[in-house]
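Enquirer: Sharing run_24.cif below, mmCIF, N, CA and C atoms:
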data_structure
loop_
_atom_site.label_atom_id
_atom_site.label_comp_id
_atom_site.auth_asym_id
_atom_site.auth_seq_id
_atom_site.Cartn_x
_atom_site.Cartn_y
_atom_site.Cartn_z
N MET A 26 -22.59 -0.99 15.38
CA MET A 26 -21.31 -0.76 14.72
C MET A 26 -21.43 0.46 13.81
N GLN A 27 -20.35 1.22 13.77
CA GLN A 27 -20.29 2.40 12.92
C GLN A 27 -19.19 2.21 11.87
N VAL A 28 -19.33 2.93 10.76
CA VAL A 28 -18.34 2.87 9.70
C VAL A 28 -17.91 4.29 9.36
N ARG A 29 -16.61 4.51 9.30
CA ARG A 29 -16.05 5.81 8.91
C ARG A 29 -15.17 5.61 7.68
N LEU A 30 -15.24 6.54 6.77
CA LEU A 30 -14.46 6.46 5.53
C LEU A 30 -13.57 7.69 5.42
N ASN A 31 -12.29 7.47 5.13
CA ASN A 31 -11.33 8.54 4.92
C ASN A 31 -10.51 8.24 3.68
N HIS A 32 -9.78 9.24 3.22
CA HIS A 32 -8.93 9.09 2.04
C HIS A 32 -7.57 9.71 2.33
N ILE A 33 -6.54 9.08 1.79
CA ILE A 33 -5.19 9.63 1.82
C ILE A 33 -4.79 9.84 0.36
N PHE A 34 -4.23 10.98 0.05
CA PHE A 34 -3.80 11.28 -1.31
C PHE A 34 -2.28 11.38 -1.34
N LEU A 35 -1.67 10.71 -2.32
CA LEU A 35 -0.22 10.64 -2.42
C LEU A 35 0.25 11.01 -3.82
N THR A 36 1.46 11.51 -3.90
CA THR A 36 2.16 11.66 -5.17
C THR A 36 3.38 10.76 -5.09
N THR A 37 3.52 9.87 -6.07
CA THR A 37 4.60 8.89 -6.03
C THR A 37 5.56 9.09 -7.21
N ARG A 38 6.71 8.43 -7.09
CA ARG A 38 7.70 8.46 -8.17
C ARG A 38 7.54 7.27 -9.11
N GLY A 39 6.76 6.25 -8.70
CA GLY A 39 6.66 5.02 -9.47
C GLY A 39 7.90 4.18 -9.29
N ASP A 40 8.03 3.12 -10.10
CA ASP A 40 9.21 2.25 -10.08
C ASP A 40 9.51 1.69 -8.68
N THR A 41 8.51 1.10 -8.05
CA THR A 41 8.63 0.50 -6.72
C THR A 41 8.96 1.55 -5.65
N ASP A 42 8.27 2.68 -5.74
CA ASP A 42 8.38 3.73 -4.73
C ASP A 42 7.64 3.27 -3.48
N ILE A 43 8.33 3.25 -2.34
CA ILE A 43 7.76 2.76 -1.08
C ILE A 43 7.57 3.94 -0.13
N LEU A 44 6.31 4.17 0.27
CA LEU A 44 5.98 5.30 1.14
C LEU A 44 5.37 4.82 2.45
N ASP A 45 5.86 5.34 3.55
CA ASP A 45 5.32 5.05 4.88
C ASP A 45 4.06 5.90 5.06
N ILE A 46 2.90 5.25 5.19
CA ILE A 46 1.64 5.98 5.36
C ILE A 46 1.05 5.79 6.76
N THR A 47 1.84 5.26 7.68
CA THR A 47 1.35 4.96 9.02
C THR A 47 0.75 6.19 9.70
N GLN A 48 1.45 7.30 9.68
CA GLN A 48 0.97 8.48 10.39
C GLN A 48 -0.34 9.01 9.79
N GLN A 49 -0.47 8.95 8.47
CA GLN A 49 -1.72 9.40 7.84
C GLN A 49 -2.88 8.50 8.25
N VAL A 50 -2.64 7.19 8.38
CA VAL A 50 -3.69 6.27 8.82
C VAL A 50 -4.06 6.57 10.27
N ILE A 51 -3.08 6.82 11.11
CA ILE A 51 -3.34 7.17 12.51
C ILE A 51 -4.21 8.42 12.59
N GLU A 52 -3.92 9.41 11.76
CA GLU A 52 -4.73 10.63 11.75
C GLU A 52 -6.17 10.35 11.34
N CYS A 53 -6.37 9.44 10.39
CA CYS A 53 -7.72 9.04 10.00
C CYS A 53 -8.45 8.38 11.16
N ILE A 54 -7.76 7.55 11.91
CA ILE A 54 -8.35 6.87 13.07
C ILE A 54 -8.76 7.90 14.12
N HIS A 55 -7.88 8.84 14.41
CA HIS A 55 -8.19 9.86 15.42
C HIS A 55 -9.40 10.68 15.01
N SER A 56 -9.51 11.01 13.74
CA SER A 56 -10.65 11.81 13.29
C SER A 56 -11.95 11.02 13.30
N SER A 57 -11.86 9.70 13.33
CA SER A 57 -13.07 8.86 13.32
C SER A 57 -13.75 8.78 14.67
N THR A 58 -13.01 8.96 15.75
CA THR A 58 -13.43 8.81 17.14
C THR A 58 -13.81 7.37 17.52
N LEU A 59 -13.60 6.41 16.63
CA LEU A 59 -13.86 5.01 16.97
C LEU A 59 -12.69 4.46 17.78
N GLN A 60 -12.98 3.57 18.70
CA GLN A 60 -11.96 3.05 19.61
C GLN A 60 -11.61 1.58 19.40
N ASN A 61 -12.58 0.80 18.97
CA ASN A 61 -12.37 -0.64 18.82
C ASN A 61 -13.05 -1.12 17.54
N GLY A 62 -12.31 -1.91 16.77
CA GLY A 62 -12.88 -2.42 15.53
C GLY A 62 -11.80 -2.88 14.57
N LEU A 63 -11.96 -2.48 13.33
CA LEU A 63 -11.05 -2.93 12.28
C LEU A 63 -10.77 -1.78 11.32
N VAL A 64 -9.50 -1.61 10.96
CA VAL A 64 -9.09 -0.59 10.00
C VAL A 64 -8.66 -1.31 8.73
N THR A 65 -9.29 -0.95 7.61
CA THR A 65 -8.90 -1.50 6.32
C THR A 65 -8.27 -0.39 5.50
N ILE A 66 -7.10 -0.67 4.95
CA ILE A 66 -6.37 0.27 4.11
C ILE A 66 -6.36 -0.34 2.71
N PHE A 67 -6.96 0.36 1.73
CA PHE A 67 -7.17 -0.20 0.40
C PHE A 67 -6.66 0.75 -0.68
N SER A 68 -5.97 0.19 -1.66
CA SER A 68 -5.49 0.94 -2.81
C SER A 68 -6.29 0.54 -4.05
N PRO A 69 -7.12 1.45 -4.58
CA PRO A 69 -7.88 1.13 -5.79
C PRO A 69 -7.02 1.29 -7.05
N SER A 70 -6.05 0.43 -7.19
CA SER A 70 -5.09 0.51 -8.29
C SER A 70 -4.60 -0.89 -8.61
N SER A 71 -4.37 -1.18 -9.87
CA SER A 71 -3.87 -2.50 -10.25
C SER A 71 -2.35 -2.53 -10.40
N THR A 72 -1.68 -1.42 -10.07
CA THR A 72 -0.22 -1.38 -10.15
C THR A 72 0.42 -0.88 -8.84
N SER A 73 -0.28 -1.10 -7.73
CA SER A 73 0.27 -0.72 -6.43
C SER A 73 -0.22 -1.70 -5.37
N GLY A 74 0.37 -1.60 -4.18
CA GLY A 74 -0.03 -2.49 -3.11
C GLY A 74 0.22 -1.89 -1.74
N ILE A 75 -0.30 -2.58 -0.73
CA ILE A 75 -0.20 -2.15 0.66
C ILE A 75 0.33 -3.33 1.47
N THR A 76 1.24 -3.05 2.40
CA THR A 76 1.72 -4.09 3.32
C THR A 76 2.26 -3.42 4.57
N THR A 77 2.82 -4.22 5.47
CA THR A 77 3.54 -3.69 6.63
C THR A 77 4.97 -4.19 6.56
N LEU A 78 5.87 -3.39 7.08
CA LEU A 78 7.27 -3.79 7.19
C LEU A 78 7.98 -2.81 8.11
N GLU A 79 9.22 -3.12 8.43
CA GLU A 79 10.05 -2.18 9.17
C GLU A 79 10.59 -1.19 8.15
N TYR A 80 10.16 0.06 8.26
CA TYR A 80 10.51 1.08 7.27
C TYR A 80 11.91 1.62 7.56
N GLU A 81 12.91 0.90 7.07
CA GLU A 81 14.30 1.33 7.22
C GLU A 81 15.01 1.03 5.91
N PRO A 82 16.06 1.78 5.57
CA PRO A 82 16.68 1.69 4.24
C PRO A 82 17.06 0.29 3.79
N GLY A 83 17.59 -0.53 4.69
CA GLY A 83 17.99 -1.88 4.30
C GLY A 83 16.81 -2.73 3.84
N VAL A 84 15.73 -2.69 4.60
CA VAL A 84 14.53 -3.46 4.24
C VAL A 84 13.95 -2.93 2.92
N LEU A 85 13.92 -1.62 2.76
CA LEU A 85 13.38 -1.04 1.52
C LEU A 85 14.19 -1.50 0.32
N GLN A 86 15.51 -1.47 0.43
CA GLN A 86 16.37 -1.93 -0.68
C GLN A 86 16.20 -3.41 -0.94
N ASP A 87 16.10 -4.21 0.13
CA ASP A 87 15.91 -5.65 -0.03
C ASP A 87 14.60 -5.95 -0.75
N LEU A 88 13.53 -5.27 -0.35
CA LEU A 88 12.23 -5.51 -0.97
C LEU A 88 12.24 -5.12 -2.45
N GLN A 89 12.82 -3.97 -2.75
CA GLN A 89 12.91 -3.54 -4.15
C GLN A 89 13.71 -4.56 -4.98
N LYS A 90 14.79 -5.06 -4.42
CA LYS A 90 15.63 -6.03 -5.12
C LYS A 90 14.87 -7.34 -5.37
N ILE A 91 14.13 -7.79 -4.38
CA ILE A 91 13.35 -9.03 -4.53
C ILE A 91 12.31 -8.88 -5.63
N PHE A 92 11.61 -7.73 -5.66
CA PHE A 92 10.63 -7.52 -6.73
C PHE A 92 11.30 -7.47 -8.10
N ASP A 93 12.50 -6.89 -8.17
CA ASP A 93 13.25 -6.88 -9.44
C ASP A 93 13.61 -8.29 -9.88
N GLU A 94 13.89 -9.17 -8.92
CA GLU A 94 14.24 -10.55 -9.25
C GLU A 94 13.01 -11.38 -9.62
N ILE A 95 11.92 -11.20 -8.89
CA ILE A 95 10.71 -12.00 -9.12
C ILE A 95 10.00 -11.59 -10.40
N ALA A 96 9.84 -10.29 -10.60
CA ALA A 96 9.11 -9.77 -11.77
C ALA A 96 9.91 -8.62 -12.38
N PRO A 97 11.00 -8.93 -13.09
CA PRO A 97 11.85 -7.88 -13.64
C PRO A 97 11.14 -7.09 -14.74
N SER A 98 11.49 -5.83 -14.85
CA SER A 98 10.85 -4.97 -15.84
C SER A 98 11.21 -5.34 -17.27
N GLY A 99 12.35 -5.95 -17.50
CA GLY A 99 12.81 -6.24 -18.85
C GLY A 99 12.25 -7.50 -19.49
N ARG A 100 11.47 -8.28 -18.76
CA ARG A 100 10.89 -9.51 -19.30
C ARG A 100 9.79 -9.22 -20.30
N ASP A 101 9.43 -10.23 -21.09
CA ASP A 101 8.27 -10.13 -21.97
C ASP A 101 7.02 -10.45 -21.16
N TYR A 102 6.05 -9.54 -21.19
CA TYR A 102 4.78 -9.73 -20.50
C TYR A 102 3.66 -9.60 -21.53
N GLN A 103 2.69 -10.49 -21.46
CA GLN A 103 1.57 -10.44 -22.39
C GLN A 103 0.80 -9.13 -22.28
N HIS A 104 0.75 -8.57 -21.09
CA HIS A 104 0.09 -7.27 -20.89
C HIS A 104 0.74 -6.20 -21.77
N ASN A 105 2.06 -6.21 -21.83
CA ASN A 105 2.76 -5.22 -22.66
C ASN A 105 2.46 -5.43 -24.13
N GLU A 106 2.35 -6.69 -24.54
CA GLU A 106 2.01 -7.00 -25.94
C GLU A 106 0.62 -6.47 -26.28
N ALA A 107 -0.30 -6.58 -25.35
CA ALA A 107 -1.68 -6.15 -25.60
C ALA A 107 -1.85 -4.64 -25.55
N TRP A 108 -1.18 -3.99 -24.59
CA TRP A 108 -1.43 -2.57 -24.33
C TRP A 108 -0.26 -1.66 -24.68
N HIS A 109 0.92 -2.22 -24.88
CA HIS A 109 2.10 -1.45 -25.26
C HIS A 109 2.41 -0.31 -24.29
N ASP A 110 2.16 -0.56 -22.99
CA ASP A 110 2.42 0.49 -22.00
C ASP A 110 3.63 0.19 -21.11
N GLY A 111 4.25 -0.97 -21.28
CA GLY A 111 5.49 -1.27 -20.58
C GLY A 111 5.38 -1.52 -19.09
N ASN A 112 4.16 -1.70 -18.56
CA ASN A 112 4.05 -1.89 -17.12
C ASN A 112 3.50 -3.26 -16.73
N GLY A 113 3.72 -4.25 -17.56
CA GLY A 113 3.29 -5.60 -17.23
C GLY A 113 3.86 -6.08 -15.91
N HIS A 114 5.13 -5.79 -15.68
CA HIS A 114 5.75 -6.17 -14.41
C HIS A 114 5.09 -5.48 -13.22
N SER A 115 4.60 -4.28 -13.42
CA SER A 115 3.93 -3.54 -12.34
C SER A 115 2.66 -4.25 -11.89
N HIS A 116 1.90 -4.79 -12.84
CA HIS A 116 0.67 -5.52 -12.52
C HIS A 116 0.99 -6.82 -11.78
N VAL A 117 2.02 -7.52 -12.23
CA VAL A 117 2.40 -8.78 -11.58
C VAL A 117 2.86 -8.51 -10.15
N ARG A 118 3.69 -7.50 -9.94
CA ARG A 118 4.16 -7.17 -8.60
C ARG A 118 3.00 -6.79 -7.67
N ALA A 119 2.07 -5.99 -8.19
CA ALA A 119 0.92 -5.58 -7.38
C ALA A 119 0.06 -6.78 -6.99
N ALA A 120 -0.11 -7.73 -7.92
CA ALA A 120 -0.90 -8.92 -7.62
C ALA A 120 -0.24 -9.76 -6.53
N LEU A 121 1.08 -9.81 -6.52
CA LEU A 121 1.79 -10.56 -5.49
C LEU A 121 1.65 -9.91 -4.11
N LEU A 122 1.61 -8.58 -4.08
CA LEU A 122 1.56 -7.87 -2.80
C LEU A 122 0.13 -7.76 -2.26
N LYS A 123 -0.82 -7.47 -3.09
CA LYS A 123 -2.25 -7.27 -2.80
C LYS A 123 -2.56 -5.80 -2.55
N ALA A 124 -3.86 -5.50 -2.67
CA ALA A 124 -4.32 -4.11 -2.66
C ALA A 124 -4.75 -3.60 -1.29
N SER A 125 -4.85 -4.49 -0.28
CA SER A 125 -5.33 -4.00 1.02
C SER A 125 -4.80 -4.84 2.16
N ILE A 126 -4.90 -4.24 3.34
CA ILE A 126 -4.65 -4.97 4.59
C ILE A 126 -5.70 -4.49 5.60
N SER A 127 -5.97 -5.33 6.58
CA SER A 127 -6.87 -4.96 7.68
C SER A 127 -6.11 -5.16 8.98
N ILE A 128 -6.27 -4.19 9.88
CA ILE A 128 -5.55 -4.20 11.15
C ILE A 128 -6.55 -3.98 12.28
N PRO A 129 -6.54 -4.81 13.31
CA PRO A 129 -7.43 -4.60 14.45
C PRO A 129 -7.14 -3.25 15.14
N LEU A 130 -8.22 -2.62 15.58
CA LEU A 130 -8.15 -1.36 16.32
C LEU A 130 -8.60 -1.65 17.75
N VAL A 131 -7.73 -1.38 18.72
CA VAL A 131 -8.02 -1.64 20.12
C VAL A 131 -7.69 -0.39 20.93
N ASP A 132 -8.66 0.11 21.65
CA ASP A 132 -8.49 1.32 22.48
C ASP A 132 -7.94 2.49 21.66
N GLY A 133 -8.42 2.63 20.45
CA GLY A 133 -8.05 3.77 19.61
C GLY A 133 -6.71 3.64 18.92
N ARG A 134 -6.07 2.47 19.01
CA ARG A 134 -4.75 2.29 18.40
C ARG A 134 -4.73 1.02 17.55
N MET A 135 -4.03 1.09 16.43
CA MET A 135 -3.83 -0.11 15.64
C MET A 135 -2.90 -1.05 16.39
N THR A 136 -3.11 -2.33 16.22
CA THR A 136 -2.30 -3.33 16.94
C THR A 136 -1.07 -3.72 16.13
N LEU A 137 -0.36 -2.73 15.65
CA LEU A 137 0.89 -2.97 14.92
C LEU A 137 1.99 -3.38 15.89
N GLY A 138 2.91 -4.21 15.41
CA GLY A 138 4.07 -4.56 16.21
C GLY A 138 5.02 -3.38 16.34
N THR A 139 5.97 -3.50 17.23
CA THR A 139 6.91 -2.42 17.53
C THR A 139 7.58 -1.85 16.28
N TRP A 140 7.97 -2.71 15.35
CA TRP A 140 8.72 -2.27 14.19
C TRP A 140 7.90 -2.25 12.90
N GLN A 141 6.59 -2.41 13.02
CA GLN A 141 5.73 -2.43 11.83
C GLN A 141 5.24 -1.04 11.47
N GLN A 142 5.41 -0.70 10.21
CA GLN A 142 4.78 0.48 9.65
C GLN A 142 3.94 0.03 8.46
N ILE A 143 2.94 0.83 8.12
CA ILE A 143 2.09 0.55 6.96
C ILE A 143 2.72 1.26 5.77
N VAL A 144 2.92 0.52 4.69
CA VAL A 144 3.54 1.12 3.51
C VAL A 144 2.68 0.92 2.27
N PHE A 145 2.73 1.92 1.42
CA PHE A 145 2.12 1.89 0.09
C PHE A 145 3.27 1.77 -0.89
N ILE A 146 3.14 0.86 -1.85
CA ILE A 146 4.19 0.67 -2.85
C ILE A 146 3.59 0.87 -4.23
N ASP A 147 4.15 1.83 -4.96
CA ASP A 147 3.70 2.10 -6.33
C ASP A 147 4.67 1.44 -7.30
N PHE A 148 4.17 0.46 -8.03
CA PHE A 148 5.00 -0.29 -8.97
C PHE A 148 4.94 0.26 -10.39
N ASP A 149 4.08 1.22 -10.67
CA ASP A 149 3.92 1.69 -12.04
C ASP A 149 5.22 2.30 -12.55
N THR A 150 5.29 2.54 -13.83
CA THR A 150 6.53 2.95 -14.47
C THR A 150 6.73 4.47 -14.49
N ARG A 151 5.83 5.19 -13.88
CA ARG A 151 5.93 6.66 -13.92
C ARG A 151 5.35 7.25 -12.64
N PRO A 152 5.63 8.51 -12.36
CA PRO A 152 5.02 9.16 -11.20
C PRO A 152 3.49 9.16 -11.34
N ARG A 153 2.82 9.04 -10.21
CA ARG A 153 1.36 8.98 -10.22
C ARG A 153 0.78 9.74 -9.04
N LYS A 154 -0.46 10.17 -9.19
CA LYS A 154 -1.27 10.68 -8.08
C LYS A 154 -2.11 9.49 -7.64
N ARG A 155 -2.05 9.15 -6.37
CA ARG A 155 -2.74 7.97 -5.85
C ARG A 155 -3.68 8.34 -4.71
N GLU A 156 -4.75 7.58 -4.62
CA GLU A 156 -5.71 7.71 -3.53
C GLU A 156 -5.72 6.39 -2.76
N ILE A 157 -5.68 6.48 -1.44
CA ILE A 157 -5.78 5.32 -0.57
C ILE A 157 -7.08 5.49 0.23
N ILE A 158 -7.87 4.43 0.29
CA ILE A 158 -9.13 4.48 1.03
C ILE A 158 -8.91 3.82 2.39
N ILE A 159 -9.34 4.54 3.43
CA ILE A 159 -9.23 4.04 4.79
C ILE A 159 -10.65 3.87 5.32
N GLN A 160 -11.03 2.63 5.61
CA GLN A 160 -12.36 2.37 6.18
C GLN A 160 -12.17 1.82 7.59
N ILE A 161 -12.84 2.46 8.54
CA ILE A 161 -12.75 2.06 9.94
C ILE A 161 -14.14 1.62 10.38
N MET A 162 -14.22 0.38 10.84
CA MET A 162 -15.50 -0.17 11.32
C MET A 162 -15.35 -0.52 12.78
N GLY A 163 -16.32 -0.13 13.57
CA GLY A 163 -16.25 -0.46 14.98
C GLY A 163 -17.14 0.41 15.83
N GLU A 164 -16.69 0.59 17.05
CA GLU A 164 -17.46 1.39 18.00
C GLU A 164 -16.54 2.25 18.84
#
Now, as a test, write the supplied structure out as structure tokens.
Expert:
Amino acid sequence: MQVRLNHIFLTTRGDTDILDITQQVIECIHSSTLQNGLVTIFSPSSTSGITTLEYEPGVLQDLQKIFDEIAPSGRDYQHNEAWHDGNGHSHVRAALLKASISIPLVDGRMTLGTWQQIVFIDFDTRPRKREIIIQIMGE
């Protein structure tokens, strides 16, 4: 088994900014020359997350609305009391979504469904420079 490591660098707007990173992940896979294995997409951040969804305006708006309902920015969060940075809701949202996903790689292609794209969501309260780690294990 071989392991390849790649990075994707993003600039985000924050405030539940949802970015389709599928094509960048595909480019990492192609540069790896691995054909079969597992692709892990990881965000080393406590205020962002990775998932899959159908990347279309209605779904994006629905997801943003749900996060606003589940963990609204205007609530009292103990994190804000401790750090006074106003992003307690960002940490809660990121914990609900998680920092990584793994996708099987078969014949050089991720086994995504027809309407699935890989998305990075930045929940922080301000624009950020983000790094995504792509690890491909296989042969």
Enquirer: Got a sec: who's within 6.5 Å of stretch 68-79 of chain A, counting all atoms listed in the file, leaving out chain neighbours fewer than 6 positions off, as a ChimeraX atom specification?
Expert: /A:85,115-116,118-120,122-126,140-149,156-158
Enquirer: I'd like the neighbourhood of A:Asn61 as a list in words, where a residue qualifies if any of its atoms comes within 7 Å (using only N, CA and C atoms), though same-chain residues fewer than 5 positions away should be ignored.
Expert: Pro129, Leu130, Val131, Asp132, Gly133, Arg134, Met162, Gly163 and Glu164 of chain A
Enquirer: Please identify the strand (DSSP E or B) residues within chain A (assignment by DSSP from backbone atoms) and present them as an MDAnalysis selection string.
Expert: chainID A and resid 27:37 42:45 62:67 73:78 125:131 134:135 142:147 153:163
Enquirer: Quick one, how far is atom C of A:Phe67 from atom N of A:Ile159?
Expert: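 Computed distance, atom C of A:Phe67 to atom N of A:Ile159, equals 6.2 Å.
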Enquirer: To test your reading of the structure, identify every residue in chain A that backbone DSSP assigns to alpha helix (DSSP H), and report it as a PyMOL selection string.
Expert: chain A and resi 47-57+82-95+103-108+113-122
Enquirer: Using the selection just defined, write its residues with N, CA and C atoms as a short mmCIF file (atom, residue, chain, number, x, y, z; two decimals), in the coordinates of the input.
Expert:
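After the write, out.cif holds the following:
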data_model
loop_
_atom_site.label_atom_id
_atom_site.label_comp_id
_atom_site.auth_asym_id
_atom_site.auth_seq_id
_atom_site.Cartn_x
_atom_site.Cartn_y
_atom_site.Cartn_z
N THR A 47 1.84 5.26 7.68
CA THR A 47 1.35 4.96 9.02
C THR A 47 0.75 6.19 9.70
N GLN A 48 1.45 7.30 9.68
CA GLN A 48 0.97 8.48 10.39
C GLN A 48 -0.34 9.01 9.79
N GLN A 49 -0.47 8.95 8.47
CA GLN A 49 -1.72 9.40 7.84
C GLN A 49 -2.88 8.50 8.25
N VAL A 50 -2.64 7.19 8.38
CA VAL A 50 -3.69 6.27 8.82
C VAL A 50 -4.06 6.57 10.27
N ILE A 51 -3.08 6.82 11.11
CA ILE A 51 -3.34 7.17 12.51
C ILE A 51 -4.21 8.42 12.59
N GLU A 52 -3.92 9.41 11.76
CA GLU A 52 -4.73 10.63 11.75
C GLU A 52 -6.17 10.35 11.34
N CYS A 53 -6.37 9.44 10.39
CA CYS A 53 -7.72 9.04 10.00
C CYS A 53 -8.45 8.38 11.16
N ILE A 54 -7.76 7.55 11.91
CA ILE A 54 -8.35 6.87 13.07
C ILE A 54 -8.76 7.90 14.12
N HIS A 55 -7.88 8.84 14.41
CA HIS A 55 -8.19 9.86 15.42
C HIS A 55 -9.40 10.68 15.01
N SER A 56 -9.51 11.01 13.74
CA SER A 56 -10.65 11.81 13.29
C SER A 56 -11.95 11.02 13.30
N SER A 57 -11.86 9.70 13.33
CA SER A 57 -13.07 8.86 13.32
C SER A 57 -13.75 8.78 14.67
N PRO A 82 16.06 1.78 5.57
CA PRO A 82 16.68 1.69 4.24
C PRO A 82 17.06 0.29 3.79
N GLY A 83 17.59 -0.53 4.69
CA GLY A 83 17.99 -1.88 4.30
C GLY A 83 16.81 -2.73 3.84
N VAL A 84 15.73 -2.69 4.60
CA VAL A 84 14.53 -3.46 4.24
C VAL A 84 13.95 -2.93 2.92
N LEU A 85 13.92 -1.62 2.76
CA LEU A 85 13.38 -1.04 1.52
C LEU A 85 14.19 -1.50 0.32
N GLN A 86 15.51 -1.47 0.43
CA GLN A 86 16.37 -1.93 -0.68
C GLN A 86 16.20 -3.41 -0.94
N ASP A 87 16.10 -4.21 0.13
CA ASP A 87 15.91 -5.65 -0.03
C ASP A 87 14.60 -5.95 -0.75
N LEU A 88 13.53 -5.27 -0.35
CA LEU A 88 12.23 -5.51 -0.97
C LEU A 88 12.24 -5.12 -2.45
N GLN A 89 12.82 -3.97 -2.75
CA GLN A 89 12.91 -3.54 -4.15
C GLN A 89 13.71 -4.56 -4.98
N LYS A 90 14.79 -5.06 -4.42
CA LYS A 90 15.63 -6.03 -5.12
C LYS A 90 14.87 -7.34 -5.37
N ILE A 91 14.13 -7.79 -4.38
CA ILE A 91 13.35 -9.03 -4.53
C ILE A 91 12.31 -8.88 -5.63
N PHE A 92 11.61 -7.73 -5.66
CA PHE A 92 10.63 -7.52 -6.73
C PHE A 92 11.30 -7.47 -8.10
N ASP A 93 12.50 -6.89 -8.17
CA ASP A 93 13.25 -6.88 -9.44
C ASP A 93 13.61 -8.29 -9.88
N GLU A 94 13.89 -9.17 -8.92
CA GLU A 94 14.24 -10.55 -9.25
C GLU A 94 13.01 -11.38 -9.62
N ILE A 95 11.92 -11.20 -8.89
CA ILE A 95 10.71 -12.00 -9.12
C ILE A 95 10.00 -11.59 -10.40
N GLN A 103 2.69 -10.49 -21.46
CA GLN A 103 1.57 -10.44 -22.39
C GLN A 103 0.80 -9.13 -22.28
N HIS A 104 0.75 -8.57 -21.09
CA HIS A 104 0.09 -7.27 -20.89
C HIS A 104 0.74 -6.20 -21.77
N ASN A 105 2.06 -6.21 -21.83
CA ASN A 105 2.76 -5.22 -22.66
C ASN A 105 2.46 -5.43 -24.13
N GLU A 106 2.35 -6.69 -24.54
CA GLU A 106 2.01 -7.00 -25.94
C GLU A 106 0.62 -6.47 -26.28
N ALA A 107 -0.30 -6.58 -25.35
CA ALA A 107 -1.68 -6.15 -25.60
C ALA A 107 -1.85 -4.64 -25.55
N TRP A 108 -1.18 -3.99 -24.59
CA TRP A 108 -1.43 -2.57 -24.33
C TRP A 108 -0.26 -1.66 -24.68
N GLY A 113 3.72 -4.25 -17.56
CA GLY A 113 3.29 -5.60 -17.23
C GLY A 113 3.86 -6.08 -15.91
N HIS A 114 5.13 -5.79 -15.68
CA HIS A 114 5.75 -6.17 -14.41
C HIS A 114 5.09 -5.48 -13.22
N SER A 115 4.60 -4.28 -13.42
CA SER A 115 3.93 -3.54 -12.34
C SER A 115 2.66 -4.25 -11.89
N HIS A 116 1.90 -4.79 -12.84
CA HIS A 116 0.67 -5.52 -12.52
C HIS A 116 0.99 -6.82 -11.78
N VAL A 117 2.02 -7.52 -12.23
CA VAL A 117 2.40 -8.78 -11.58
C VAL A 117 2.86 -8.51 -10.15
N ARG A 118 3.69 -7.50 -9.94
CA ARG A 118 4.16 -7.17 -8.60
C ARG A 118 3.00 -6.79 -7.67
N ALA A 119 2.07 -5.99 -8.19
CA ALA A 119 0.92 -5.58 -7.38
C ALA A 119 0.06 -6.78 -6.99
N ALA A 120 -0.11 -7.73 -7.92
CA ALA A 120 -0.90 -8.92 -7.62
C ALA A 120 -0.24 -9.76 -6.53
N LEU A 121 1.08 -9.81 -6.52
CA LEU A 121 1.79 -10.56 -5.49
C LEU A 121 1.65 -9.91 -4.11
N LEU A 122 1.61 -8.58 -4.08
CA LEU A 122 1.56 -7.87 -2.80
C LEU A 122 0.13 -7.76 -2.26
#
Enquirer: What's the separation between atom CA of A:Ser56 and atom CA of A:Gln27, in Å to one decimal place?
Expert: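 Taking atom CA of A:Ser56 and atom CA of A:Gln27, their separation equals 13.5 Å.
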Enquirer: In Å, how far is it from atom CA of A:Asn112 to atom C of A:Phe92?
Expert: 12.8 Å
Enquirer: Could you list the residues chosen by the PyMOL selection byres ((chain A and resi 36) around 6) in this structure as a PyMOL selection string?
Expert: chain A and resi 34-35+37-38+153-155
Enquirer: Of the candidates A:Ile51, A:Ser57, A:Tyr102, A:Ala107, which shows the shortest atom-to-atom distance to A:Leu30, using only N, CA and C atoms?
Expert: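 Of A:Ile51, A:Ser57, A:Tyr102, A:Ala107, the one nearest A:Leu30 is A:Ser57, counting only N, CA and C atoms.
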Enquirer: Could you check the closest approach to A:Asp42 for each of A:Leu137, A:Gln160, A:Gln89, A:Asp101 and tell me which residue wins, using only N, CA and C atoms?
Expert: A:Gln89
Enquirer: What's the 8 Å shell around A:Gly113, counting only C-alpha atoms, without same-chain residues fewer than 5 positions away, as a VMD selection string?
Expert: chain A and resid 98 102 to 105
